[in-house]
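One file, run-v1.txt, is given below (compact mmCIF, C-alpha atoms (C1' of nucleotides)).
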```txt
# COMPACT_ATOMS: atom_id res chain seq x y z
CA MET K 460 0.00 0.00 0.00
CA LYS K 461 1.18 3.48 -0.83
CA LYS K 462 1.78 5.28 2.39
CA GLN K 463 -0.25 8.30 3.35
CA VAL K 464 1.51 11.62 3.14
CA ASN K 465 1.27 13.95 6.09
CA PRO K 466 0.74 17.68 5.60
CA LYS K 467 4.41 18.43 5.94
CA GLU K 468 5.47 15.87 3.37
CA LEU K 469 2.75 17.13 1.09
CA ASP K 470 4.11 20.61 1.32
CA VAL K 471 7.59 19.44 0.46
CA LEU K 472 6.26 17.58 -2.54
CA LEU K 473 4.26 20.53 -3.78
CA ARG K 474 7.20 22.85 -3.45
CA ALA K 475 9.35 20.43 -5.38
CA ALA K 476 6.67 20.27 -8.06
CA GLU K 477 6.63 24.03 -8.25
CA VAL K 478 10.36 24.10 -8.76
CA ALA K 479 10.14 21.41 -11.41
CA CYS K 480 7.58 23.45 -13.32
CA ALA K 481 9.63 26.59 -13.03
CA GLU K 482 12.58 24.78 -14.51
CA ASN K 483 10.48 24.11 -17.59
CA GLY K 484 9.24 27.65 -17.76
CA ALA K 485 5.81 26.53 -16.62
CA ARG K 486 3.71 27.54 -13.65
CA LEU K 487 2.11 25.48 -10.96
CA THR K 488 -1.01 27.54 -10.59
CA GLN K 489 -3.53 27.26 -7.78
CA ARG K 490 -5.76 24.92 -9.74
CA ARG K 491 -2.90 22.73 -10.84
CA ARG K 492 -1.58 22.59 -7.34
CA GLN K 493 -4.99 21.58 -6.11
CA VAL K 494 -5.32 18.75 -8.60
CA LEU K 495 -1.81 17.52 -7.93
CA SER K 496 -2.37 17.73 -4.22
CA GLU K 497 -5.43 15.50 -4.37
CA LEU K 498 -3.50 12.90 -6.32
CA MET K 499 -0.60 13.04 -3.93
CA GLN K 500 -2.88 12.38 -0.99
CA SER K 501 -4.57 9.41 -2.57
CA SER K 502 -3.33 5.94 -1.81
CA SER K 503 -4.63 4.65 -5.11
CA PRO K 504 -5.09 5.96 -8.64
CA LEU K 505 -7.99 8.33 -9.24
CA SER K 506 -10.13 8.89 -12.28
CA ALA K 507 -10.40 12.40 -13.67
CA TYR K 508 -13.89 12.72 -12.28
CA GLU K 509 -12.84 11.47 -8.89
CA VAL K 510 -10.21 14.18 -8.83
CA LEU K 511 -12.87 16.65 -9.89
CA ASP K 512 -15.18 15.63 -7.06
CA LEU K 513 -12.41 15.91 -4.51
CA CYS K 514 -11.47 19.36 -5.76
CA ASN K 515 -15.01 20.59 -5.73
CA ARG K 516 -15.63 19.16 -2.30
CA SER K 517 -12.69 20.96 -0.79
CA THR K 518 -13.41 24.44 -2.11
CA THR K 519 -16.33 26.73 -2.59
CA SER K 520 -15.88 27.35 -6.28
CA THR K 521 -16.57 24.59 -8.75
CA MET K 522 -14.26 23.48 -11.47
CA PRO K 523 -15.54 22.09 -14.78
CA ALA K 524 -14.47 18.63 -15.95
CA MET K 525 -12.68 20.18 -18.88
CA SER K 526 -10.27 21.93 -16.55
CA VAL K 527 -9.36 18.74 -14.77
CA TYR K 528 -8.47 17.07 -18.04
CA ARG K 529 -6.46 20.05 -19.16
CA ILE K 530 -4.64 20.17 -15.88
CA LEU K 531 -4.00 16.46 -15.83
CA ASP K 532 -2.53 16.74 -19.31
CA PHE K 533 -0.32 19.56 -18.16
CA LEU K 534 0.84 17.67 -15.09
CA GLU K 535 1.53 14.64 -17.19
CA GLN K 536 3.70 16.69 -19.52
CA GLN K 537 5.59 17.96 -16.52
CA GLN K 538 6.09 14.36 -15.42
CA LEU K 539 4.31 15.13 -12.19
CA VAL K 540 1.53 12.67 -12.77
CA HIS K 541 1.17 9.53 -14.84
CA ARG K 542 -1.87 8.24 -16.61
CA LEU K 543 -2.56 4.55 -16.31
CA SER K 544 -4.15 3.55 -19.56
CA SER K 545 -5.31 0.18 -18.35
CA SER K 546 -7.65 1.82 -15.88
CA SER K 547 -7.97 5.37 -17.23
CA LYS K 548 -6.76 6.67 -13.90
CA TYR K 549 -4.05 8.96 -12.70
CA VAL K 550 -1.32 8.78 -10.07
CA SER K 551 1.13 11.34 -8.87
CA CYS K 552 4.71 10.62 -9.77
CA ALA K 553 6.76 8.89 -7.11
CA HIS K 554 9.85 10.92 -7.90
CA ILE K 555 8.79 14.49 -7.46
CA ALA K 556 10.90 15.31 -4.47
CA CYS K 557 14.01 13.44 -5.44
CA ASP K 558 16.45 14.14 -8.23
CA HIS K 559 15.25 11.18 -10.18
CA LYS K 560 15.13 11.51 -13.93
CA HIS K 561 12.58 9.96 -16.23
CA PHE K 562 13.85 8.22 -19.29
CA GLN K 563 10.52 7.07 -20.66
CA LYS K 564 11.26 3.78 -19.03
CA THR K 565 9.09 3.89 -16.00
CA HIS K 566 6.82 0.99 -15.25
CA PHE K 567 3.84 0.58 -13.01
CA LEU K 568 3.08 -2.41 -10.89
CA LEU K 569 -0.62 -2.57 -10.18
CA CYS K 570 -1.74 -4.62 -7.23
CA ASP K 571 -4.77 -6.78 -7.98
CA GLY K 572 -5.54 -6.82 -4.29
CA CYS K 573 -5.45 -3.29 -2.98
CA SER K 574 -5.24 -1.28 -6.22
CA SER K 575 -2.09 0.39 -5.08
CA VAL K 576 0.52 1.31 -7.64
CA GLU K 577 4.24 1.01 -7.41
CA GLU K 578 6.29 3.05 -9.82
CA VAL K 579 9.58 1.48 -10.77
CA ASP K 580 12.39 2.14 -13.19
CA ALA K 581 13.07 -0.34 -15.89
CA THR K 582 16.20 -2.30 -15.21
CA GLU K 583 18.78 -2.21 -17.97
CA GLU K 584 18.29 -5.90 -18.26
CA ALA K 585 14.55 -5.69 -18.82
CA SER K 586 14.86 -2.76 -21.13
CA GLU K 587 17.40 -4.45 -23.32
CA ALA K 588 15.48 -7.69 -23.39
CA LEU K 589 12.39 -5.84 -24.59
CA GLU K 590 14.27 -3.95 -27.25
CA LYS K 591 15.75 -7.15 -28.47
CA MET K 592 12.32 -8.75 -28.53
CA ALA K 593 10.96 -5.87 -30.58
CA LYS K 594 13.90 -6.03 -32.92
CA THR K 595 13.14 -9.60 -33.91
CA VAL K 596 10.09 -8.28 -35.76
CA GLY K 597 11.84 -5.15 -36.96
CA PHE K 598 10.30 -2.76 -34.44
CA LYS K 599 12.20 0.16 -33.06
CA LEU K 600 10.77 1.13 -29.69
CA THR K 601 9.97 4.76 -29.03
CA THR K 602 8.66 4.47 -25.51
CA GLN K 603 8.79 1.89 -22.83
CA GLN K 604 6.26 2.45 -20.15
CA PHE K 605 3.76 -0.11 -19.17
CA GLU K 606 1.52 -1.52 -16.55
CA LEU K 607 2.05 -4.90 -15.01
CA SER K 608 -0.52 -6.59 -12.83
CA GLY K 609 0.47 -8.48 -9.74
CA ILE K 610 0.17 -8.79 -6.00
CA CYS K 611 2.04 -6.43 -3.71
CA THR K 612 3.97 -7.54 -0.66
CA THR K 613 1.28 -6.48 1.78
CA CYS K 614 -1.46 -8.36 -0.03
CA GLN K 615 0.74 -11.45 -0.41
CA ASP K 616 1.31 -11.46 3.33
CA SER K 617 -2.29 -10.89 4.30
CA ALA K 618 -3.50 -13.57 1.88
CA GLY K 619 -2.27 -16.36 4.14
CA GLU K 620 -3.83 -14.96 7.30
CA GLY K 621 -7.26 -14.06 8.55
CA LEU K 622 -9.95 -15.15 6.11
CA MET F 883 1.56 -3.21 -41.95
CA LYS F 884 -0.65 -6.15 -41.20
CA LYS F 885 -1.38 -7.87 -44.44
CA GLN F 886 -4.88 -8.10 -45.81
CA VAL F 887 -6.54 -11.48 -45.58
CA ASN F 888 -8.19 -12.84 -48.68
CA PRO F 889 -11.56 -14.59 -48.52
CA LYS F 890 -9.98 -18.01 -48.45
CA GLU F 891 -7.63 -17.19 -45.60
CA LEU F 892 -10.51 -15.60 -43.74
CA ASP F 893 -12.48 -18.77 -44.05
CA VAL F 894 -9.61 -20.84 -42.70
CA LEU F 895 -9.27 -18.48 -39.75
CA LEU F 896 -12.95 -18.54 -38.96
CA ARG F 897 -13.06 -22.32 -39.07
CA ALA F 898 -10.10 -22.49 -36.74
CA ALA F 899 -11.85 -20.08 -34.41
CA GLU F 900 -14.92 -22.26 -34.48
CA VAL F 901 -12.87 -25.27 -33.50
CA ALA F 902 -11.15 -23.33 -30.73
CA CYS F 903 -14.51 -22.36 -29.28
CA ALA F 904 -15.81 -25.89 -29.52
CA GLU F 905 -12.80 -27.12 -27.56
CA ASN F 906 -13.86 -24.82 -24.75
CA GLY F 907 -17.45 -25.90 -24.92
CA ALA F 908 -18.39 -22.54 -26.41
CA ARG F 909 -20.10 -21.64 -29.64
CA LEU F 910 -19.05 -19.30 -32.39
CA THR F 911 -22.49 -18.03 -33.28
CA GLN F 912 -23.37 -16.02 -36.36
CA ARG F 913 -23.03 -12.71 -34.56
CA ARG F 914 -19.74 -13.64 -32.96
CA ARG F 915 -18.43 -14.84 -36.26
CA GLN F 916 -19.46 -11.57 -37.84
CA VAL F 917 -17.67 -9.49 -35.23
CA LEU F 918 -14.57 -11.62 -35.39
CA SER F 919 -14.61 -11.51 -39.16
CA GLU F 920 -14.61 -7.73 -39.22
CA LEU F 921 -11.64 -7.62 -36.90
CA MET F 922 -9.78 -10.19 -38.94
CA GLN F 923 -10.21 -8.13 -42.07
CA SER F 924 -9.00 -4.92 -40.52
CA SER F 925 -5.40 -3.91 -40.92
CA SER F 926 -5.51 -1.90 -37.71
CA PRO F 927 -7.25 -2.09 -34.36
CA LEU F 928 -10.92 -1.13 -34.26
CA SER F 929 -12.97 0.45 -31.54
CA ALA F 930 -16.12 -1.33 -30.42
CA TYR F 931 -18.24 1.21 -32.23
CA GLU F 932 -16.21 0.90 -35.40
CA VAL F 933 -16.86 -2.82 -35.29
CA LEU F 934 -20.52 -2.08 -34.72
CA ASP F 935 -20.71 0.20 -37.73
CA LEU F 936 -19.01 -2.33 -39.96
CA CYS F 937 -21.38 -5.04 -38.81
CA ASN F 938 -24.45 -2.91 -39.34
CA ARG F 939 -23.22 -1.80 -42.72
CA SER F 940 -22.81 -5.32 -43.98
CA THR F 941 -26.19 -6.73 -42.99
CA THR F 942 -29.80 -5.71 -43.03
CA SER F 943 -30.47 -6.19 -39.34
CA THR F 944 -28.92 -3.87 -36.81
CA MET F 945 -27.02 -4.91 -33.74
CA PRO F 946 -27.05 -2.85 -30.54
CA ALA F 947 -23.79 -1.62 -29.04
CA MET F 948 -24.36 -3.78 -26.02
CA SER F 949 -24.09 -6.90 -28.13
CA VAL F 950 -20.79 -5.85 -29.60
CA TYR F 951 -19.32 -5.38 -26.16
CA ARG F 952 -20.68 -8.71 -24.98
CA ILE F 953 -19.31 -10.43 -28.03
CA LEU F 954 -15.94 -8.76 -27.77
CA ASP F 955 -15.73 -9.89 -24.16
CA PHE F 956 -16.57 -13.39 -25.21
CA LEU F 957 -14.01 -13.41 -28.00
CA GLU F 958 -11.42 -12.04 -25.63
CA GLN F 959 -12.09 -14.85 -23.18
CA GLN F 960 -11.64 -17.30 -26.00
CA GLN F 961 -8.34 -15.64 -26.81
CA LEU F 962 -9.58 -14.87 -30.28
CA VAL F 963 -9.29 -11.15 -29.91
CA HIS F 964 -7.23 -8.88 -27.71
CA ARG F 965 -8.17 -5.56 -26.25
CA LEU F 966 -5.56 -2.85 -26.37
CA SER F 967 -6.06 -0.79 -23.27
CA SER F 968 -3.89 2.06 -24.42
CA SER F 969 -6.29 2.83 -27.23
CA SER F 970 -9.47 1.05 -26.17
CA LYS F 971 -9.41 -0.87 -29.39
CA TYR F 972 -9.54 -4.46 -30.41
CA VAL F 973 -7.48 -6.70 -32.68
CA SER F 974 -7.98 -10.27 -33.73
CA CYS F 975 -5.43 -12.67 -32.36
CA ALA F 976 -2.51 -13.44 -34.62
CA HIS F 977 -2.45 -17.09 -33.61
CA ILE F 978 -5.88 -18.37 -34.40
CA ALA F 979 -4.95 -20.76 -37.15
CA CYS F 980 -1.75 -22.09 -35.69
CA ASP F 981 -1.21 -24.29 -32.71
CA HIS F 982 0.24 -21.44 -30.72
CA LYS F 983 -0.57 -21.34 -27.03
CA HIS F 984 -1.08 -18.24 -24.98
CA PHE F 985 0.66 -18.05 -21.67
CA GLN F 986 -0.51 -14.62 -20.62
CA LYS F 987 2.74 -13.32 -21.96
CA THR F 988 1.78 -11.83 -25.21
CA HIS F 989 2.90 -8.34 -26.06
CA PHE F 990 1.77 -5.83 -28.61
CA LEU F 991 3.98 -3.57 -30.62
CA LEU F 992 2.04 -0.55 -31.75
CA CYS F 993 3.39 1.40 -34.67
CA ASP F 994 3.27 5.15 -34.16
CA GLY F 995 3.33 5.58 -37.90
CA CYS F 996 0.70 3.35 -39.42
CA SER F 997 -1.19 2.19 -36.30
CA SER F 998 -0.58 -1.42 -37.16
CA VAL F 999 -0.11 -3.90 -34.38
CA GLU F 1000 2.32 -6.74 -34.13
CA GLU F 1001 1.58 -9.45 -31.62
CA VAL F 1002 4.66 -11.11 -30.19
CA ASP F 1003 5.48 -13.61 -27.51
CA ALA F 1004 7.53 -12.53 -24.57
CA THR F 1005 11.00 -13.93 -24.75
CA GLU F 1006 12.10 -15.90 -21.71
CA GLU F 1007 14.74 -13.30 -21.23
CA ALA F 1008 12.33 -10.37 -21.14
CA SER F 1009 9.87 -12.21 -19.01
CA GLU F 1010 12.43 -13.13 -16.42
CA ALA F 1011 13.92 -9.67 -16.38
CA LEU F 1012 10.51 -8.20 -15.69
CA GLU F 1013 9.75 -10.67 -12.95
CA LYS F 1014 13.04 -9.90 -11.37
CA MET F 1015 12.34 -6.20 -11.60
CA ALA F 1016 8.98 -6.65 -9.92
CA LYS F 1017 10.53 -8.79 -7.25
CA THR F 1018 12.85 -6.01 -6.13
CA VAL F 1019 9.80 -4.22 -4.76
CA GLY F 1020 8.15 -7.41 -3.55
CA PHE F 1021 5.64 -7.73 -6.37
CA LYS F 1022 4.57 -11.06 -7.69
CA LEU F 1023 3.36 -10.70 -11.27
CA THR F 1024 0.07 -12.25 -12.24
CA THR F 1025 -0.06 -11.25 -15.86
CA GLN F 1026 2.40 -9.98 -18.35
CA GLN F 1027 0.80 -8.43 -21.34
CA PHE F 1028 1.55 -4.98 -22.46
CA GLU F 1029 1.69 -2.52 -25.24
CA LEU F 1030 4.90 -1.03 -26.51
CA SER F 1031 5.02 1.89 -28.87
CA GLY F 1032 7.48 2.05 -31.69
CA ILE F 1033 8.01 2.23 -35.40
CA CYS F 1034 7.50 -0.79 -37.59
CA THR F 1035 9.90 -1.87 -40.32
CA THR F 1036 7.78 -0.48 -43.11
CA CYS F 1037 7.48 2.94 -41.54
CA GLN F 1038 11.17 3.02 -40.70
CA ASP F 1039 11.99 2.34 -44.34
CA SER F 1040 9.56 4.87 -45.74
CA ALA F 1041 10.72 7.56 -43.31
CA GLY F 1042 13.98 8.06 -45.18
CA GLU F 1043 12.36 8.39 -48.59
CA GLY F 1044 9.83 10.66 -50.21
CA LEU F 1045 9.05 13.60 -48.00
C1' DC X 294 -0.60 50.66 -18.49
C1' DG X 295 -1.42 47.82 -22.78
C1' DT X 296 -1.08 43.82 -25.08
C1' DA X 297 0.16 39.10 -26.08
C1' DA X 298 0.29 34.68 -24.20
C1' DT X 299 -1.40 31.54 -20.91
C1' DA X 300 -4.87 29.59 -18.04
C1' DT X 301 -9.48 28.78 -16.78
C1' DG X 302 -14.69 28.83 -17.21
C1' DA X 303 -18.81 27.45 -19.47
C1' DT X 304 -21.29 24.72 -22.43
C1' DA X 305 -22.03 21.22 -25.59
C1' DT X 306 -21.12 16.93 -27.33
C1' DA X 307 -18.47 12.75 -28.62
C1' DT X 308 -16.78 8.28 -27.24
C1' DT X 309 -16.51 4.27 -24.49
C1' DG X 310 -18.68 1.13 -21.54
C1' DT X 311 -22.53 -1.00 -18.21
C1' DA X 312 -27.00 -2.18 -16.11
C1' DT X 313 -31.24 -4.22 -16.69
C1' DC X 314 -35.00 -6.50 -18.40
C1' DC X 315 -36.99 -9.17 -21.87
C1' DT X 316 -37.16 -12.27 -25.91
C1' DT X 317 -35.21 -15.83 -28.68
C1' DA X 318 -32.32 -19.74 -29.69
C1' DA X 319 -29.86 -23.94 -28.45
C1' DC X 320 -29.24 -27.97 -25.49
C1' DG X 321 -30.24 -31.89 -22.72
C1' DC X 322 -33.48 -35.04 -21.35
C1' DT X 323 -37.43 -38.26 -21.06
C1' DA P 26 -41.35 -34.42 -30.33
C1' DG P 27 -42.22 -31.77 -25.93
C1' DC P 28 -40.44 -29.36 -22.03
C1' DG P 29 -37.51 -27.10 -18.95
C1' DT P 30 -32.93 -25.06 -18.44
C1' DT P 31 -29.27 -22.32 -19.90
C1' DA P 32 -26.98 -19.39 -23.20
C1' DA P 33 -27.25 -15.65 -26.46
C1' DG P 34 -29.00 -11.60 -28.30
C1' DG P 35 -32.18 -7.35 -28.58
C1' DA P 36 -33.85 -3.04 -26.65
C1' DT P 37 -33.44 0.71 -23.83
C1' DA P 38 -31.41 3.58 -20.66
C1' DC P 39 -27.68 5.53 -18.70
C1' DA P 40 -22.87 6.03 -16.57
C1' DA P 41 -18.11 7.13 -17.22
C1' DT P 42 -14.50 9.00 -19.88
C1' DA P 43 -12.95 12.49 -22.94
C1' DT P 44 -12.81 16.38 -26.41
C1' DA P 45 -14.27 20.67 -29.11
C1' DT P 46 -15.10 25.34 -28.95
C1' DC P 47 -15.72 29.86 -27.61
C1' DA P 48 -15.62 33.22 -23.92
C1' DT P 49 -13.39 35.24 -19.91
C1' DA P 50 -9.78 35.99 -16.64
C1' DT P 51 -5.09 36.09 -15.28
C1' DT P 52 -0.15 36.68 -15.94
C1' DA P 53 4.12 38.10 -18.19
C1' DC P 54 6.43 41.66 -19.85
C1' DG P 55 7.68 45.48 -22.82
```

Show me this structure written as structure tokens.
Amino acid sequence: MKKQVNPKELDVLLRAAEVACAENGARLTQRRRQVLSELMQSSSPLSAYEVLDLCNRSTTSTMPAMSVYRILDFLEQQQLVHRLSSSSKYVSCAHIACDHKHFQKTHFLLCDGCSSVEEVDATEEASEALEKMAKTVGFKLTTQQFELSGICTTCQDSAGEGL
Amino acid sequence: MKKQVNPKELDVLLRAAEVACAENGARLTQRRRQVLSELMQSSSPLSAYEVLDLCNRSTTSTMPAMSVYRILDFLEQQQLVHRLSSSSKYVSCAHIACDHKHFQKTHFLLCDGCSSVEEVDATEEASEALEKMAKTVGFKLTTQQFELSGICTTCQDSAGEGL
DNA sequence: CGTAATATGATATATTGTATCCTTAACGCT
DNA sequence: AGCGTTAAGGATACAATATATCATATTACG
């Protein structure tokens, strides 16, 4: 399970996100911050409309769905959130506050049990094996980012117990 | 580019599909055959509604969208078609007429250029590398099937020419 | 300040996918 | 063949996801 972030951690993350945007000549506006914040606080991926509901619950003004999609697109471009195509949901990037770089080789491990998502880097080994695989049919890979289903440690452990 | 199937090849494929269903105690009904047939004849993935339109264009009676989804689900269970989650589209399986077995380790190479799809088996090497990668964060993979973007041979070749 | 670029609001609509209830077709059995 | 059971498909409604477009507001910056 993805751990909950406390207010202090959240603040650190949001500041880091702001810096990251600034470095790209972009701005982390109030709305964008709000959307990102909701995703950061969620222990599992959220749909665009779930994000919308959370945003509109926590403020007086109401945001249209269109804005959420626009903002999610923006945040995705900034590598601050990732879209999971297998579920049409969004997660905040796990590497916002560290100096981690994305090389288009990030993978997502989706837990069948608790819906949590683990973001991992491709190993050189895996990456090369996939490129080689593609090469056998003449394909030249442009991106490597995919979603693998499985069972996380927590759910593996709890499977034996209780029920 | 996926090659076009001629009527004779199509017939062979459909017969093989019929046999495959029978082996599972399932039936390839007229409607299911129709849906599968449309997918087999398409050189690129089709959305459910594209399939629907093709079906309703080629017959007098009209099928509701619900039926297409039901049938696509059925065909997917029978491993006769695959759903590409990155585009919400469907392709017919490349291994209907051969004795190929699916081990939940089929991958799809999606060409950015021509939208064609190549279905390939995971190599042992890639599969193991991915399992190992997952294991480093305690994940146990349940399925391995994903979609990789790239450029196919044809599009690579034509990129240098012409324009 | 004025203006261009960026961001957001508002509204409409397209696309993808499900729920539900009912009718029809196939199958298994005496 | 007749009958009950199950599987398949039709009809309708609607939910969820996503985009197009035009108007307004905010920001950057000369």

Can you work out which one of K:Cys480, K:Leu569, K:Val471, K:Met525 has the shortest atom-to-atom distance to chain P, counting only C-alpha atoms (C1' of nucleotides)?
->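 Answer, going by the shortest atom-to-atom distance: K:Met525.
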
Quick one, how far is CA of Gln536 (chain K) from CA of Glu1029 (chain F)?
->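 It comes out at 20.1 Å.
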
Least-squares superpose chain K on chain F across all ordered C-alpha pairs, then write out what you get as a compact mmCIF listing (two decimals) with C-alpha atoms, keeping the file's coordinate frame.
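Below is the file out-v8.txt, written as the result:
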```
# COMPACT_ATOMS: atom_id res chain seq x y z
CA MET K 460 1.57 -3.18 -41.92
CA LYS K 461 -0.64 -6.14 -41.17
CA LYS K 462 -1.35 -7.88 -44.40
CA GLN K 463 -4.84 -8.09 -45.79
CA VAL K 464 -6.51 -11.45 -45.58
CA ASN K 465 -8.16 -12.81 -48.68
CA PRO K 466 -11.53 -14.56 -48.49
CA LYS K 467 -9.96 -17.98 -48.44
CA GLU K 468 -7.59 -17.16 -45.60
CA LEU K 469 -10.47 -15.58 -43.75
CA ASP K 470 -12.45 -18.75 -44.03
CA VAL K 471 -9.59 -20.80 -42.69
CA LEU K 472 -9.23 -18.46 -39.76
CA LEU K 473 -12.92 -18.52 -38.96
CA ARG K 474 -13.03 -22.27 -39.08
CA ALA K 475 -10.07 -22.46 -36.75
CA ALA K 476 -11.83 -20.05 -34.41
CA GLU K 477 -14.90 -22.23 -34.47
CA VAL K 478 -12.84 -25.24 -33.52
CA ALA K 479 -11.13 -23.31 -30.75
CA CYS K 480 -14.50 -22.34 -29.29
CA ALA K 481 -15.79 -25.87 -29.53
CA GLU K 482 -12.80 -27.08 -27.60
CA ASN K 483 -13.86 -24.81 -24.75
CA GLY K 484 -17.45 -25.90 -24.96
CA ALA K 485 -18.40 -22.54 -26.43
CA ARG K 486 -20.08 -21.63 -29.69
CA LEU K 487 -19.02 -19.28 -32.42
CA THR K 488 -22.45 -18.02 -33.29
CA GLN K 489 -23.35 -15.99 -36.36
CA ARG K 490 -23.00 -12.70 -34.53
CA ARG K 491 -19.71 -13.64 -32.96
CA ARG K 492 -18.41 -14.83 -36.26
CA GLN K 493 -19.43 -11.56 -37.83
CA VAL K 494 -17.65 -9.47 -35.22
CA LEU K 495 -14.54 -11.61 -35.39
CA SER K 496 -14.58 -11.50 -39.14
CA GLU K 497 -14.58 -7.71 -39.22
CA LEU K 498 -11.61 -7.61 -36.89
CA MET K 499 -9.74 -10.17 -38.92
CA GLN K 500 -10.18 -8.12 -42.06
CA SER K 501 -8.97 -4.91 -40.51
CA SER K 502 -5.36 -3.90 -40.90
CA SER K 503 -5.48 -1.90 -37.70
CA PRO K 504 -7.24 -2.09 -34.35
CA LEU K 505 -10.90 -1.13 -34.25
CA SER K 506 -12.97 0.45 -31.53
CA ALA K 507 -16.12 -1.33 -30.41
CA TYR K 508 -18.24 1.21 -32.22
CA GLU K 509 -16.21 0.90 -35.38
CA VAL K 510 -16.85 -2.82 -35.29
CA LEU K 511 -20.51 -2.08 -34.72
CA ASP K 512 -20.69 0.21 -37.73
CA LEU K 513 -18.99 -2.33 -39.95
CA CYS K 514 -21.37 -5.06 -38.81
CA ASN K 515 -24.42 -2.94 -39.35
CA ARG K 516 -23.21 -1.80 -42.73
CA SER K 517 -22.76 -5.32 -43.98
CA THR K 518 -26.14 -6.72 -42.98
CA THR K 519 -29.74 -5.69 -43.00
CA SER K 520 -30.43 -6.20 -39.33
CA THR K 521 -28.91 -3.87 -36.79
CA MET K 522 -27.00 -4.91 -33.75
CA PRO K 523 -27.04 -2.86 -30.54
CA ALA K 524 -23.77 -1.60 -29.03
CA MET K 525 -24.33 -3.78 -26.01
CA SER K 526 -24.06 -6.89 -28.14
CA VAL K 527 -20.74 -5.85 -29.59
CA TYR K 528 -19.28 -5.38 -26.14
CA ARG K 529 -20.64 -8.69 -24.98
CA ILE K 530 -19.28 -10.42 -28.02
CA LEU K 531 -15.92 -8.75 -27.75
CA ASP K 532 -15.71 -9.89 -24.15
CA PHE K 533 -16.56 -13.40 -25.20
CA LEU K 534 -13.99 -13.40 -27.98
CA GLU K 535 -11.40 -12.04 -25.63
CA GLN K 536 -12.07 -14.85 -23.19
CA GLN K 537 -11.63 -17.30 -26.01
CA GLN K 538 -8.31 -15.64 -26.82
CA LEU K 539 -9.57 -14.86 -30.28
CA VAL K 540 -9.28 -11.14 -29.88
CA HIS K 541 -7.22 -8.87 -27.68
CA ARG K 542 -8.17 -5.55 -26.21
CA LEU K 543 -5.57 -2.83 -26.35
CA SER K 544 -6.08 -0.77 -23.26
CA SER K 545 -3.90 2.08 -24.39
CA SER K 546 -6.28 2.85 -27.22
CA SER K 547 -9.49 1.09 -26.14
CA LYS K 548 -9.42 -0.85 -29.38
CA TYR K 549 -9.54 -4.46 -30.39
CA VAL K 550 -7.48 -6.71 -32.65
CA SER K 551 -7.97 -10.26 -33.71
CA CYS K 552 -5.42 -12.66 -32.34
CA ALA K 553 -2.51 -13.45 -34.62
CA HIS K 554 -2.44 -17.08 -33.60
CA ILE K 555 -5.87 -18.37 -34.38
CA ALA K 556 -4.94 -20.73 -37.15
CA CYS K 557 -1.74 -22.07 -35.69
CA ASP K 558 -1.23 -24.28 -32.68
CA HIS K 559 0.22 -21.45 -30.70
CA LYS K 560 -0.58 -21.32 -27.02
CA HIS K 561 -1.09 -18.21 -24.95
CA PHE K 562 0.67 -18.02 -21.66
CA GLN K 563 -0.51 -14.58 -20.63
CA LYS K 564 2.76 -13.33 -21.95
CA THR K 565 1.78 -11.83 -25.22
CA HIS K 566 2.89 -8.34 -26.05
CA PHE K 567 1.75 -5.83 -28.60
CA LEU K 568 3.97 -3.58 -30.60
CA LEU K 569 2.04 -0.55 -31.74
CA CYS K 570 3.39 1.38 -34.67
CA ASP K 571 3.27 5.14 -34.16
CA GLY K 572 3.31 5.57 -37.90
CA CYS K 573 0.68 3.33 -39.41
CA SER K 574 -1.21 2.16 -36.30
CA SER K 575 -0.58 -1.43 -37.16
CA VAL K 576 -0.11 -3.91 -34.37
CA GLU K 577 2.32 -6.74 -34.13
CA GLU K 578 1.58 -9.45 -31.62
CA VAL K 579 4.64 -11.11 -30.19
CA ASP K 580 5.45 -13.62 -27.49
CA ALA K 581 7.51 -12.54 -24.58
CA THR K 582 10.99 -13.94 -24.75
CA GLU K 583 12.09 -15.90 -21.72
CA GLU K 584 14.73 -13.31 -21.25
CA ALA K 585 12.32 -10.39 -21.16
CA SER K 586 9.86 -12.23 -19.02
CA GLU K 587 12.43 -13.15 -16.44
CA ALA K 588 13.91 -9.68 -16.40
CA LEU K 589 10.48 -8.22 -15.70
CA GLU K 590 9.73 -10.69 -12.95
CA LYS K 591 13.01 -9.92 -11.36
CA MET K 592 12.30 -6.21 -11.62
CA ALA K 593 8.94 -6.69 -9.93
CA LYS K 594 10.50 -8.82 -7.25
CA THR K 595 12.80 -6.04 -6.13
CA VAL K 596 9.74 -4.26 -4.75
CA GLY K 597 8.10 -7.44 -3.55
CA PHE K 598 5.59 -7.77 -6.38
CA LYS K 599 4.51 -11.11 -7.71
CA LEU K 600 3.31 -10.73 -11.28
CA THR K 601 0.01 -12.27 -12.26
CA THR K 602 -0.09 -11.26 -15.88
CA GLN K 603 2.38 -10.00 -18.36
CA GLN K 604 0.79 -8.46 -21.36
CA PHE K 605 1.51 -4.99 -22.47
CA GLU K 606 1.66 -2.51 -25.24
CA LEU K 607 4.87 -1.03 -26.49
CA SER K 608 5.00 1.90 -28.85
CA GLY K 609 7.48 2.04 -31.67
CA ILE K 610 8.01 2.24 -35.40
CA CYS K 611 7.48 -0.80 -37.59
CA THR K 612 9.86 -1.88 -40.31
CA THR K 613 7.74 -0.48 -43.12
CA CYS K 614 7.44 2.94 -41.53
CA GLN K 615 11.16 3.02 -40.70
CA ASP K 616 11.95 2.34 -44.33
CA SER K 617 9.52 4.84 -45.76
CA ALA K 618 10.67 7.55 -43.34
CA GLY K 619 13.91 8.07 -45.26
CA GLU K 620 12.26 8.31 -48.66
CA GLY K 621 9.69 10.46 -50.37
CA LEU K 622 8.71 13.41 -48.21
```

Give me the residues within 12 Å of Arg952 (chain F) as a PyMOL selection string, counting all atoms listed in the file and dropping any in the same chain fewer than 2 places off.
-> (chain F and resi 913-914+917+930+934+945-950+954-959) or (chain X and resi 310-311) or (chain P and resi 33-34)
